[in-house]
Amino acid sequence: MGLIPDEAKSLPPPGIVNRNSVWFGFMGWCTAMIHNCLNRRPALKSGVHRQVLITSIGWFVGYHLTKWENYTNARRDRDMTQYMRLHPEEFHPQEKKTYAEILEDFHPIR
């Protein structure tokens, strides 16, 4: 089962490039840069294999975090829709207003 239950498999997969993947990948790359700097190595040229590895791990974590986020939002939407279906008396339709009823009259001051 893991972090994401089996019912989340019915959701479409998120895109490979999403905000969480990019952010966690970038943070992984920055972690590798900081590690190189703390060990007094050239930041960009040293340990390129570690940079790629940590960036890909961050990308993987971000992708699965997005999957979990999508599942959580879908579950919340499902529960709220079910509640609204079971209790229609609490969610009566509101009367529609025109902009003239909402906005105040405009009187320019000259």
# chains A, B, ... in the order shown; residues from 1 in each chain; ligands from 1

$ select_by_dssp --residues "chain A" --states "alpha helix (DSSP H)" --output "ChimeraX atom specification"
/A:19-38,48-86,99-102

$ closest_atom_pairs --of "region 15-83 of chain A" --to "region 88-108 of chain A" --cutoff "12 Å" --atoms "only C-alpha atoms" --output "tab-separated table"
residue	atom	partner	partner_atom	distance
A:Met80	CA	A:Phe91	CA	11.5
A:Thr81	CA	A:Pro88	CA	10.5
A:Gln82	CA	A:Pro88	CA	10.3
A:Tyr83	CA	A:Pro88	CA	8.5

$ closest_atom_pairs --of "region 28-108 of chain A" --to "region 4-11 of chain A" --cutoff "8 Å" --atoms "only C-alpha atoms" --output "JSON lines"
{"residue": "A:Lys67", "atom": "CA", "partner": "A:Ile4", "partner_atom": "CA", "distance": 8.0}
{"residue": "A:Trp68", "atom": "CA", "partner": "A:Ile4", "partner_atom": "CA", "distance": 6.1}
{"residue": "A:Tyr71", "atom": "CA", "partner": "A:Ala8", "partner_atom": "CA", "distance": 5.8}

$ closest_residue --among "A:Ile109, A:Met33, A:Leu86, A:Val61" --to "Asn20 (chain A)" --atoms "only C-alpha atoms"
A:Val61
